[in-house]
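Visitor: Dropping a structure here in structure tokens format, bear with me for questions.
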Amino acid sequence: CLSVTKMLSAQGFGDTGKMKEYHYTGPVEHRFSPYAFNGGTVLAVAGEDFAIVASDTRLSEGYSIHSRDSPKCYKLTDTTVIGCSGFHGDCLTLTKIIDARLKMYKHSNNKTMTSGAIAAMLSTILYSRRFFPYYVYNIIGGLDEEGKGAVYSFDPVGSYQRDTYKAGGSASAMLQPLLDNQIGFKNMEGVEHVPLTQDKAVQLVKDVFISAAERDVYTGDALRICVITKEGIKEQTIPLRKD
Amino acid sequence: MALFDVSGFKSYSELRRQIFPAGQTHLVDRTNHYNFGTKTQEFAVPVGADPSGFLKSCNHDSGVCIEMNHGTTTLAFKFRHGVIVAVDSRASAGRYLASNDVNKVIEINPYLLGTMSGSAADCQYWERLLAKECRLYRLRNNHRISVAAASKLLSNMMLGYRGMGLSMGSMICGWDKEVRVLVCTTWMIMGRVCRVVCSLPAVGTVTPTVWWTAYELGRRGIAHATHRDAYSGGVVNMYHMQEDGWIKVCKEDVSELIHRYRKGMF
């Protein structure tokens with residue numbers, strides 16, 4: 001037993017060159033990183049007269065879970081919901097700034113901001129931090145002035161465009177191709193393009209998140225769905241895998 | 001700081017003060033809480049760090065991965081009946097394709113078009129600001145801004161942020177009174193701003209005289225580029241700048257175009 005322990009000690013063999021060292025011994029630079037990755041996935045779908053914004057509710061960091069009940073959808077107005085994932089600190093600050101700007105607009109112009117206007121404003125807010133970005137992936141879902149569903153997706157520094165559906169966050173690369181196929185009818189031939197009904201869209205969102213929770217460690221615990229119609233915003237919570 | 005003085009290090013705010021003593025825009029460590037940067041344009045900058053290298057140092061740090069959307073192939077050429085602008089529609093964020101359906105032509109006003117390549121956010125923001133400046137020019141001077149002046153405005157706006165990591169390759173195309181048709185290209189990468197005025201057609205010896213030949217040339221150019229470049233793809237958006245404004249010609253899927261042109265390609 002003594003001889004076995006001696007053979008396994010890496011230090012002893014380092015000099016002769018028979019076994020390599022198992023750790024780096026040179027200087028290492030450590031610096032404070034202002035960012036952290038807190039996980040989470042957000043999804044938004046726009047229909048003919050409705051919009052859906054859904055997110056999981058897990059807040060994690062590294063190997064730990066900080067909270068199982070931290071949804072990432074924030075209600076902005078009666079017709080607009082924003083989903084933010086990425087660094088939780090920046091998500092909180094960004095939503096506070098958007099709320100303040102919405103109030104300022106309401107007080108100056110005596111009307112609520114429309115979804116398109118909120119999207120354009122968010123683009124300039126994000127770009128004002130072009131050199132020290134908010135580490136947030138945003139997706140806005142809502143109804144436009146004509147009452148049709150609208151989804152606006154952003155990158156961390158404010159580039160945006162209007163979409164029909166978009167997934168963002170840690171499982172976005174897994175969900176987006178599935179949405180491309182089921183909602184966009186891409187990569188299929190000879191299929192009738194049936195417009196999405198509200199019930200089918202909600203069921204699709206639930207199925208898609210269940211799949212994401214299976215394969216992404218940062219997604220799970222529960223799913224919060226916000227359905228936006230002209231009657232208002234309805235929320236529902238569905239449990240997901242907790243492991 | 002004493003160490004800065006001894007080493008001769010010049011912080012970015014000092015360098016900028018030398019270029020712009022008046023200081024129209026402010027670089028601050030956080031934007032003003034009371035008016036949130038609505039009164040004057042403010043940009044937040046990380047304290048004590050080089051802005052262009054800052055993001056790279058934060059990435060790969062326990063899962064943090066901040067990727068910005070980038071866009072690629074654009075072309076524009078002048079011919080007898082105006083300017084053809086053709087672009088692809090792919091936006092990539094690192095290795096992930098953020099979108100295959102981006103409009104990379106920014107409609108500044110009915111007589112000016114700007115293309116987007118490089119960082120999508122930079123192009124969208126600065127060309128939107130250019131649209132505002134062109135509108136103000138029109139209101140103050142009672143005539144439309146010339147294309148050369150518009151591109152000069154854009155290039156001067158960029159100059160203030162030289163060395164800070166902006167990346168924009170944009171072409172401003174238009175039709176104005178003095179010099180019939182102009183395509184001005186502005187690049188800003190790695191701290192260099194170049195502005196080139198192209199008044200000759202940029203494409204070989206073949207000068208298209210008929211509209212449909214020009215359209216075909218634009219379409220083929222983008223289709224061939226997307227075939228070989230991983231960062232280009234999606235659809236071809238084509239605009240035709242005429243004397244009384246631009247028109248959107250077509251939006252065609254690249255896979256169908258490649259199928260159509262396959263004889264010369266494989």
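Going through the structure tokens in order, the chains are called A, B, and so on, while each chain numbers its residues from 1 and the ligands are numbered from 1 in the order shown.
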Give me, as JSON lines, the closest atom pair and its distance (Å, one decimal) for every residue of chain A within a cut-off of 9 Å of chain B, counting only C-alpha atoms, rows sorted by chain and rising number.
Guide:
```
{"residue": "A:Ser33", "atom": "CA", "partner": "B:Cys58", "partner_atom": "CA", "distance": 6.3}
{"residue": "A:Pro34", "atom": "CA", "partner": "B:Cys58", "partner_atom": "CA", "distance": 8.0}
{"residue": "A:Tyr35", "atom": "CA", "partner": "B:Val64", "partner_atom": "CA", "distance": 6.9}
{"residue": "A:Ala36", "atom": "CA", "partner": "B:Val64", "partner_atom": "CA", "distance": 6.0}
{"residue": "A:Phe37", "atom": "CA", "partner": "B:Val64", "partner_atom": "CA", "distance": 5.3}
{"residue": "A:Asn38", "atom": "CA", "partner": "B:Gly63", "partner_atom": "CA", "distance": 9.0}
{"residue": "A:Glu61", "atom": "CA", "partner": "B:Ser62", "partner_atom": "CA", "distance": 9.0}
{"residue": "A:Gly62", "atom": "CA", "partner": "B:Ser62", "partner_atom": "CA", "distance": 7.0}
{"residue": "A:Gly86", "atom": "CA", "partner": "B:Val64", "partner_atom": "CA", "distance": 8.6}
{"residue": "A:Phe87", "atom": "CA", "partner": "B:Val64", "partner_atom": "CA", "distance": 8.6}
{"residue": "A:Ile97", "atom": "CA", "partner": "B:Phe36", "partner_atom": "CA", "distance": 7.9}
{"residue": "A:Arg101", "atom": "CA", "partner": "B:Phe36", "partner_atom": "CA", "distance": 8.1}
{"residue": "A:Ser123", "atom": "CA", "partner": "B:Tyr125", "partner_atom": "CA", "distance": 8.1}
{"residue": "A:Thr124", "atom": "CA", "partner": "B:Tyr125", "partner_atom": "CA", "distance": 7.4}
{"residue": "A:Ile125", "atom": "CA", "partner": "B:Phe36", "partner_atom": "CA", "distance": 8.5}
{"residue": "A:Tyr127", "atom": "CA", "partner": "B:Ala121", "partner_atom": "CA", "distance": 7.3}
{"residue": "A:Ser128", "atom": "CA", "partner": "B:Phe43", "partner_atom": "CA", "distance": 4.7}
{"residue": "A:Arg129", "atom": "CA", "partner": "B:Ala44", "partner_atom": "CA", "distance": 5.1}
{"residue": "A:Arg130", "atom": "CA", "partner": "B:Phe43", "partner_atom": "CA", "distance": 7.1}
{"residue": "A:Phe131", "atom": "CA", "partner": "B:Val45", "partner_atom": "CA", "distance": 5.3}
{"residue": "A:Phe132", "atom": "CA", "partner": "B:Val45", "partner_atom": "CA", "distance": 5.5}
{"residue": "A:Pro133", "atom": "CA", "partner": "B:Leu55", "partner_atom": "CA", "distance": 8.4}
{"residue": "A:Tyr135", "atom": "CA", "partner": "B:Ile66", "partner_atom": "CA", "distance": 6.6}
{"residue": "A:Val136", "atom": "CA", "partner": "B:Ile66", "partner_atom": "CA", "distance": 8.7}
{"residue": "A:Asp155", "atom": "CA", "partner": "B:Met68", "partner_atom": "CA", "distance": 6.1}
{"residue": "A:Pro156", "atom": "CA", "partner": "B:Met68", "partner_atom": "CA", "distance": 6.5}
{"residue": "A:Val157", "atom": "CA", "partner": "B:Ala121", "partner_atom": "CA", "distance": 6.1}
{"residue": "A:Gly158", "atom": "CA", "partner": "B:Ala121", "partner_atom": "CA", "distance": 5.5}
{"residue": "A:Ser159", "atom": "CA", "partner": "B:Ala121", "partner_atom": "CA", "distance": 4.0}
{"residue": "A:Tyr160", "atom": "CA", "partner": "B:Ala121", "partner_atom": "CA", "distance": 7.6}
{"residue": "A:Gln161", "atom": "CA", "partner": "B:Val102", "partner_atom": "CA", "distance": 7.2}
{"residue": "A:Asp163", "atom": "CA", "partner": "B:Asp101", "partner_atom": "CA", "distance": 8.8}
{"residue": "A:Ala173", "atom": "CA", "partner": "B:Tyr96", "partner_atom": "CA", "distance": 7.3}
```
Visitor: I need the residues in segment 3-229 of chain A that are helix (DSSP H, G or I) according to DSSP; give them as a ChimeraX atom specification.
Guide: /A:3-8,10-14,88-109,115-127,172-182,198-215
Visitor: Find the residues near Thr77 of chain A: any atom within 9 Å, counting only C-alpha atoms, skip ones fewer than 4 places away on the same chain, and give them as an MDAnalysis selection string.
Guide: chainID A and resid 81 102 112:115
Visitor: Go ahead and write the residues just picked, C-alpha atoms, as a short mmCIF file (atom, residue, chain, number, x, y, z; two decimals), in the first residue's frame.
Guide:
```
data_model
loop_
_atom_site.label_atom_id
_atom_site.label_comp_id
_atom_site.auth_asym_id
_atom_site.auth_seq_id
_atom_site.Cartn_x
_atom_site.Cartn_y
_atom_site.Cartn_z
CA VAL A 81 -44.94 42.02 -21.08
CA LEU A 102 -42.98 54.52 -18.80
CA THR A 112 -49.54 54.70 -22.22
CA MET A 113 -46.64 53.68 -24.43
CA THR A 114 -47.44 51.25 -27.24
CA SER A 115 -45.45 48.02 -27.65
#
```
Visitor: Within 12 Å of Asp199 of chain A, counting only C-alpha atoms, which residues show up once you throw out same-chain ones fewer than 2 positions away? Write them as a list of chain:residue names, please.
Guide: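 The residues that qualify are A:Gly47, A:Phe50, A:Ala51, A:Ile52, A:Pro195, A:Leu196, A:Thr197, A:Ala201, A:Val202, A:Gln203, A:Leu204, A:Val205, A:Lys206, A:Val227.
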Visitor: Taking only C-alpha atoms into account, name the residue in B:Trp246, B:Tyr239, B:Tyr261, B:Trp175 that is nearest to Val105 of chain B.
Guide: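 The answer is B:Tyr239, which sits nearest to Val105 of chain B.
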Visitor: I'd like the interatomic distance between atom CA of Phe77 of chain B and atom CA of His224 of chain B, to a tenth of an Å.
Guide: 16.4 Å
Visitor: Measuring atom to atom with only C-alpha atoms, identify which of B:Glu243, B:Glu133, B:Asp88, B:Asp253 is nearest to Lys104 of chain B.
Guide: B:Asp88
Visitor: What is the distance, in Å and to one decimal place, between atom CA of Tyr111 of chain B and atom CA of Arg138 of chain B?
Guide: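 Rounded to one decimal, the two atoms are 12.1 Å apart.
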Visitor: Hey, can you check how far atom CA of Val28 of chain A sits from atom CA of His66 of chain A?
Guide: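 Between these atoms lies a distance of 28.9 Å.
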Visitor: Tell me, as a list of chain:residue names, which residues lie within 10 Å of Ala213 of chain A, counting only C-alpha atoms; anything in the same chain fewer than 4 positions away does not count.
Guide: A:Thr41, A:Asp56, A:Ala171, A:Val208, A:Phe209, A:Val217, A:Tyr218, A:Thr219, A:Gly220, A:Asp221, A:Ala222, A:Leu223, A:Leu240, A:Arg241, A:Lys242, A:Asp243
